[in-house]
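The structure appears right after this line, and notes come after that.
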Amino acid sequence: MNILHIISSPRKAASASIQLGNGIIEKLEAAYPGSTVKVHDLATTPFPHLEEAKLQSFFTPAESRSPEQQAAAKHSDDAIQEIKDADVIVIGAPLYNFGIPSTLKAWVDHIARAGITFRYTAGGPEGLITGKKVYVAMSSGGIYSEGPSAGYDFVAPYLKAVLGFLGITDVTVVRAEGLAIPGVQDTAVQKALDSVVIEALQTEEVL
């Protein structure tokens, strides 16, 4: 089992999303001994935000790219290859101002490539990345899974939508929430971990 851990919090050991992500990976390793884990920490090695040169490189066939365009496309090509190589992807996603961190959004912008990870057809868009399992390790100071603040959660719905657009529909959101609420915060991460059940995965080759 090849596991990719995407970290987006800059808080290191103090981050609940990182703690939760690591806990999910420990459960995966217990279920699948001998698994390999690749960590991509977006806080220390972020993807650059898209600009003209990168967009031009995306829309230029690989064999026709100039050396400058090849360099501009490398971040995106590498990120997509990481996803293709993974069987399971664990995405750490703290809720910042109701959305995902900008580093995680930049990563999404690099992996969403027309003709590469999705394509447009006469019947509508088609995701090209299939056979993957994703766990979103989400953390938040408040309660957003239900109640009056549920409408302010633009993390889980967004990630499910964009990953589904790319063909990744097996997405489980694991929430460590209430991290700023007395009486809830001390057990939030463990409660989230206790809810995780690792099921047998059926992977398929991505062509």
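If you're wondering about the labels, chains in the structure tokens are A, B, ... by order shown, residues count from 1 in each chain, ligands from 1 in order shown.
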
Check your understanding: If you run DSSP on the backbone, which residues of segment 64-114 of chain A are alpha helix (DSSP H), as a ChimeraX atom specification?
Key -> /A:67-85,102-111

**Study point:** Spatial neighbours of segment 33-49 of chain A, max dist 7 Å, only C-alpha atoms, sep filter under 5 positions, as a PyMOL selection string
**Key:** chain A and resi 1-10+75+103+106-107

Check your understanding: Could you name the residues that touch segment 16-29 of chain A at 9 Å or less, counting only C-alpha atoms, but leaving out those on the same chain fewer than 3 positions away, as an MDAnalysis selection string?
Key -> chainID A and resid 1 3 5:9 11:13 32:37 88 90:94 135:140 174:176 179 188:190 192:193 196:198

Go ahead and dump the residues you just picked, C-alpha atoms, as a PDB file, in the first residue's frame.
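Just written: again.pdb:
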ATOM      1  CA  MET A   1       0.000   0.000   0.000  1.00  0.00           C
ATOM      2  CA  ILE A   3       0.163   6.188   1.209  1.00  0.00           C
ATOM      3  CA  HIS A   5       0.167  12.322   3.354  1.00  0.00           C
ATOM      4  CA  ILE A   6      -0.562  15.908   2.335  1.00  0.00           C
ATOM      5  CA  ILE A   7       0.047  18.315   5.231  1.00  0.00           C
ATOM      6  CA  SER A   8      -1.214  21.885   4.982  1.00  0.00           C
ATOM      7  CA  SER A   9      -1.006  23.181   8.558  1.00  0.00           C
ATOM      8  CA  ARG A  11       1.626  24.422  13.216  1.00  0.00           C
ATOM      9  CA  LYS A  12       3.806  21.303  13.281  1.00  0.00           C
ATOM     10  CA  ALA A  13       3.325  19.208  16.433  1.00  0.00           C
ATOM     11  CA  TYR A  32      -1.584  -3.018   5.672  1.00  0.00           C
ATOM     12  CA  PRO A  33       1.851  -3.974   7.092  1.00  0.00           C
ATOM     13  CA  GLY A  34       4.751  -3.017   4.873  1.00  0.00           C
ATOM     14  CA  SER A  35       3.033   0.069   3.481  1.00  0.00           C
ATOM     15  CA  THR A  36       5.156   2.987   2.352  1.00  0.00           C
ATOM     16  CA  VAL A  37       4.328   6.544   3.366  1.00  0.00           C
ATOM     17  CA  VAL A  88      -4.446   6.037  -0.284  1.00  0.00           C
ATOM     18  CA  VAL A  90      -4.514  11.431   3.613  1.00  0.00           C
ATOM     19  CA  ILE A  91      -5.139  15.174   3.333  1.00  0.00           C
ATOM     20  CA  GLY A  92      -4.696  17.347   6.404  1.00  0.00           C
ATOM     21  CA  ALA A  93      -7.225  20.166   6.136  1.00  0.00           C
ATOM     22  CA  PRO A  94      -7.603  22.632   8.993  1.00  0.00           C
ATOM     23  CA  TYR A 135      -9.165  10.431   4.086  1.00  0.00           C
ATOM     24  CA  VAL A 136      -9.562  14.133   4.871  1.00  0.00           C
ATOM     25  CA  ALA A 137      -8.159  14.847   8.334  1.00  0.00           C
ATOM     26  CA  MET A 138     -10.151  17.978   9.082  1.00  0.00           C
ATOM     27  CA  SER A 139      -9.766  20.124  12.185  1.00  0.00           C
ATOM     28  CA  SER A 140     -11.745  23.121  13.385  1.00  0.00           C
ATOM     29  CA  VAL A 174     -12.681  12.610   9.671  1.00  0.00           C
ATOM     30  CA  ARG A 175     -13.370  15.627  11.884  1.00  0.00           C
ATOM     31  CA  ALA A 176     -11.513  16.771  14.976  1.00  0.00           C
ATOM     32  CA  LEU A 179     -10.879  22.370  19.414  1.00  0.00           C
ATOM     33  CA  ALA A 188     -11.579  15.982  20.015  1.00  0.00           C
ATOM     34  CA  VAL A 189      -8.638  14.366  18.230  1.00  0.00           C
ATOM     35  CA  GLN A 190      -8.995  11.014  19.968  1.00  0.00           C
ATOM     36  CA  ALA A 192     -12.081  11.567  15.660  1.00  0.00           C
ATOM     37  CA  LEU A 193      -9.496   8.778  15.534  1.00  0.00           C
ATOM     38  CA  VAL A 196     -11.962   5.764  11.802  1.00  0.00           C
ATOM     39  CA  VAL A 197     -12.594   2.258  10.483  1.00  0.00           C
ATOM     40  CA  ILE A 198     -10.119   1.001   7.905  1.00  0.00           C
TER      41      ILE A 198
END

Practice item. For Ile181 of chain A, list every protein, DNA or RNA residue within 12 Å, evaluated using only C-alpha atoms, and leave out those in the same chain fewer than 4 positions away; present the list as an NGL selection string. Key: :A and (140-143 or 176-177 or 185-188)

Filtering to N, CA and C atoms, could you give me those residues as a PDB file, in the first residue's frame?
ATOM      1  N   SER A 140     -11.093  21.809  13.280  1.00  0.00           N
ATOM      2  CA  SER A 140     -11.745  23.121  13.385  1.00  0.00           C
ATOM      3  C   SER A 140     -11.951  23.490  14.845  1.00  0.00           C
ATOM      4  N   GLY A 141     -11.914  24.783  15.117  1.00  0.00           N
ATOM      5  CA  GLY A 141     -12.120  25.262  16.484  1.00  0.00           C
ATOM      6  C   GLY A 141     -13.555  25.117  16.932  1.00  0.00           C
ATOM      7  N   GLY A 142     -14.499  25.241  16.010  1.00  0.00           N
ATOM      8  CA  GLY A 142     -15.913  25.120  16.322  1.00  0.00           C
ATOM      9  C   GLY A 142     -16.480  23.803  15.827  1.00  0.00           C
ATOM     10  N   ILE A 143     -17.793  23.667  15.943  1.00  0.00           N
ATOM     11  CA  ILE A 143     -18.502  22.484  15.459  1.00  0.00           C
ATOM     12  C   ILE A 143     -19.148  22.830  14.126  1.00  0.00           C
ATOM     13  N   ALA A 176     -11.867  16.407  13.610  1.00  0.00           N
ATOM     14  CA  ALA A 176     -11.513  16.771  14.976  1.00  0.00           C
ATOM     15  C   ALA A 176     -12.035  18.189  15.158  1.00  0.00           C
ATOM     16  N   GLU A 177     -13.187  18.308  15.769  1.00  0.00           N
ATOM     17  CA  GLU A 177     -13.828  19.617  15.848  1.00  0.00           C
ATOM     18  C   GLU A 177     -14.131  20.002  17.293  1.00  0.00           C
ATOM     19  N   GLN A 185     -12.500  20.188  23.613  1.00  0.00           N
ATOM     20  CA  GLN A 185     -11.200  20.260  22.954  1.00  0.00           C
ATOM     21  C   GLN A 185     -10.233  19.147  23.364  1.00  0.00           C
ATOM     22  N   ASP A 186     -10.280  18.731  24.623  1.00  0.00           N
ATOM     23  CA  ASP A 186      -9.281  17.772  25.114  1.00  0.00           C
ATOM     24  C   ASP A 186      -9.421  16.385  24.501  1.00  0.00           C
ATOM     25  N   THR A 187     -10.605  16.048  24.064  1.00  0.00           N
ATOM     26  CA  THR A 187     -10.844  14.698  23.524  1.00  0.00           C
ATOM     27  C   THR A 187     -11.171  14.699  22.039  1.00  0.00           C
ATOM     28  N   ALA A 188     -11.111  15.864  21.400  1.00  0.00           N
ATOM     29  CA  ALA A 188     -11.579  15.982  20.015  1.00  0.00           C
ATOM     30  C   ALA A 188     -10.786  15.107  19.052  1.00  0.00           C
TER      31      ALA A 188
END

Review point. Using the chain letters and numbers from this document, which residues of segment 15-204 of chain A does DSSP assign to strand (DSSP E or B), as a ChimeraX atom specification?
Key: /A:36-41,88-94,96,99,114,118-121,124-127,133-140,170-177

Review point. Do you know which residues are at most 12 Å from Ser76 of chain A counting only C-alpha atoms, after dropping those on the same chain fewer than 5 positions away, and could you put them as a list in words?
Key: Pro46, Phe47, Pro48, His49, Leu50, Lys54, Leu55, Ser57, Phe58, Gln69, Gln70, Ala71, Gln81, Glu82, Ile83, Ala106, Trp107, Val108, Asp109, His110, Ile111, Ala112, Arg113, Ile116 and Thr117 of chain A

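When atom CA of Asp153 of chain A is paired with atom CA of Phe98 of chain A, their separation reads 5.5 Å.
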
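Atom CA of Phe154 of chain A is found 4.9 Å from atom CA of Gly99 of chain A.
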